Each structure stands twice: as C-alpha cells, then as structure tokens.
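Student: Got a structure for you, written out below as structure tokens; questions coming shortly.
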Amino acid sequence: VCGRFATALGLDIPEADCGEGTSADREGEEDGPGAGADGEGEEDGAALEDQEAEADSIGFLILNSLTREEIREKCKESGLFQQGTKADLIDRLLTHELTSARKKAEEAERRAADLRAEMAEKEMRNQADQLEQSISLTMQARLMARERQRREALERQLEEVKAKSEVKPEQPPPPQHLQHQQQQQQQQQQQQ
C-alpha cells in the first residue's frame, strides 16, 4: 500500500522507508484485498474501511517525512490551497487523494457496468437474430413442403386426365376412294 500511495502522490520513496517492514516481511500476507481464510476473496465494508485507514496512516507517515515546503509544492501541483500548518496540508493532500481514488473507482465501476450492459444487449440481439433466422428457415421449409405437396397433387391430376383420355379411339374411316370401291362392290353383288 505504501508504494502505491507514494506513487499516486508522485513521491519516490524506497520501500524500506514505508514503515511497516519490507516485502520479505509481508510475504505471509494474503493475496490481495479481501482474501479471507476461506479463500472466497469477498470484501465487506469494514475491511474496505480498514484498508482506507491503513492507507491514510501510511500516507500520513510518507507526507510527514517531507518538509512543509515540499508538501506545499504537492498541494500546488494538485491545485489545493497551500496555506496552513503541515498537518493541515497533509490532511488536505490525503483527503484529495482519497477523494480522487474514490472517483476513479466509481468511474471504473460505471464503465464496467456499462460494458456488462452492452454485452448483455449484444447477447440478446444475437439470440434474437438466431431466433429470427430459425423462424425464417422453418417458414421456408414449410413453404417448400406445401409447394411439393401441391406439385405432387397436380402431377396426380395430370396422370388421371391422361389415363381417362387414353380411351381407344375408333378406327378411322377408310379413305374415300376405298369407300367408293366398297360401294361399287356391294352394288355389283346386289345386281348379281
């Protein structure tokens, strides 16, 4: 926490000067904020407040190691009022940094919420598109099935009509010259 706070304030303070031991002393610490004994990693409000109080005390120790003029310069860089005692200036800087960190955290949470909402909306659109495509394919399949049935029915009707029209035609009458010969033969037979 010490190193992060010093970096946020733009200070170059070696880790050994942070007060509560070195990184070798902290190796047994838990992995990140809120990592409990059960490993769930959830933070409650009290744990967050404890971390903020620890950051404030470390920040105070860091800033307290600076001269009043260095602290005034930090206030000037941050756009803060530069008058008052060293403790007032330190309090002003700590309050400013804490407020700034909270605003950044809130903004990050807002962006994350916006991203989650955007992703959910895209997922809903994708599901709607898939459903629409599925409905379209189903309708096309039904139309094709109906068209096939209609075509088969027409083909059956055509076959029935062909079957009815295949009645044996009568023998065509003989050509006229044959008719004339037949008539003459019949007349001759009658005369005899």
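By convention in this document, the chains of the structure tokens carry letters A, B, ... by their order, each chain's residues are numbered from 1, and ligands are numbered from 1 in the order they are shown.
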Step one, run DSSP on the backbone; step two, keep only residues of segment 54-96 of chain A assigned to alpha helix (DSSP H); then write them as a ChimeraX atom specification.
Tutor: /A:54-64,68-77,86-96
Student: Restricting the output to C-alpha atoms, write the selected residues as a PDB file, in the first residue's frame.
Tutor:
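As written to disk, part.pdb reads:
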ATOM      1  CA  GLU A  54      -4.211   1.945   6.759  1.00  0.00           C
ATOM      2  CA  ALA A  55      -3.585   3.866   3.536  1.00  0.00           C
ATOM      3  CA  ASP A  56      -4.288   7.147   5.345  1.00  0.00           C
ATOM      4  CA  SER A  57      -1.841   6.313   8.137  1.00  0.00           C
ATOM      5  CA  ILE A  58       0.852   5.219   5.678  1.00  0.00           C
ATOM      6  CA  GLY A  59       0.181   8.299   3.562  1.00  0.00           C
ATOM      7  CA  PHE A  60       0.473  10.432   6.661  1.00  0.00           C
ATOM      8  CA  LEU A  61       3.820   8.821   7.519  1.00  0.00           C
ATOM      9  CA  ILE A  62       5.103   9.406   3.985  1.00  0.00           C
ATOM     10  CA  LEU A  63       3.964  13.013   3.835  1.00  0.00           C
ATOM     11  CA  ASN A  64       5.121  13.685   7.379  1.00  0.00           C
ATOM     12  CA  ARG A  68       6.463  21.794   4.776  1.00  0.00           C
ATOM     13  CA  GLU A  69       7.696  23.389   1.541  1.00  0.00           C
ATOM     14  CA  GLU A  70       7.681  20.014  -0.268  1.00  0.00           C
ATOM     15  CA  ILE A  71       4.162  19.401   0.972  1.00  0.00           C
ATOM     16  CA  ARG A  72       3.076  22.878  -0.170  1.00  0.00           C
ATOM     17  CA  GLU A  73       4.530  22.093  -3.606  1.00  0.00           C
ATOM     18  CA  LYS A  74       2.477  18.868  -3.711  1.00  0.00           C
ATOM     19  CA  CYS A  75      -0.630  20.887  -2.779  1.00  0.00           C
ATOM     20  CA  LYS A  76       0.156  23.364  -5.562  1.00  0.00           C
ATOM     21  CA  GLU A  77       0.578  20.511  -8.099  1.00  0.00           C
ATOM     22  CA  LYS A  86       1.996  20.984   7.960  1.00  0.00           C
ATOM     23  CA  ALA A  87      -0.743  18.762   9.444  1.00  0.00           C
ATOM     24  CA  ASP A  88      -3.446  20.783   7.601  1.00  0.00           C
ATOM     25  CA  LEU A  89      -1.553  20.446   4.318  1.00  0.00           C
ATOM     26  CA  ILE A  90      -1.073  16.704   4.852  1.00  0.00           C
ATOM     27  CA  ASP A  91      -4.752  16.275   5.711  1.00  0.00           C
ATOM     28  CA  ARG A  92      -5.722  18.267   2.607  1.00  0.00           C
ATOM     29  CA  LEU A  93      -3.492  16.109   0.371  1.00  0.00           C
ATOM     30  CA  LEU A  94      -4.718  12.844   1.895  1.00  0.00           C
ATOM     31  CA  THR A  95      -8.357  13.901   1.545  1.00  0.00           C
ATOM     32  CA  HIS A  96      -7.738  14.944  -2.057  1.00  0.00           C
TER      33      HIS A  96
END
Student: Please indicate the distance in Å from atom CA of Glu97 of chain A to atom CA of Ser78 of chain A, rounded to one decimal place.
Tutor: 9.1 Å
Student: Mind giving me the straight-line distance from atom CA of Ala145 of chain A to atom CA of Gln157 of chain A in Å, one decimal?
Tutor: 18.4 Å
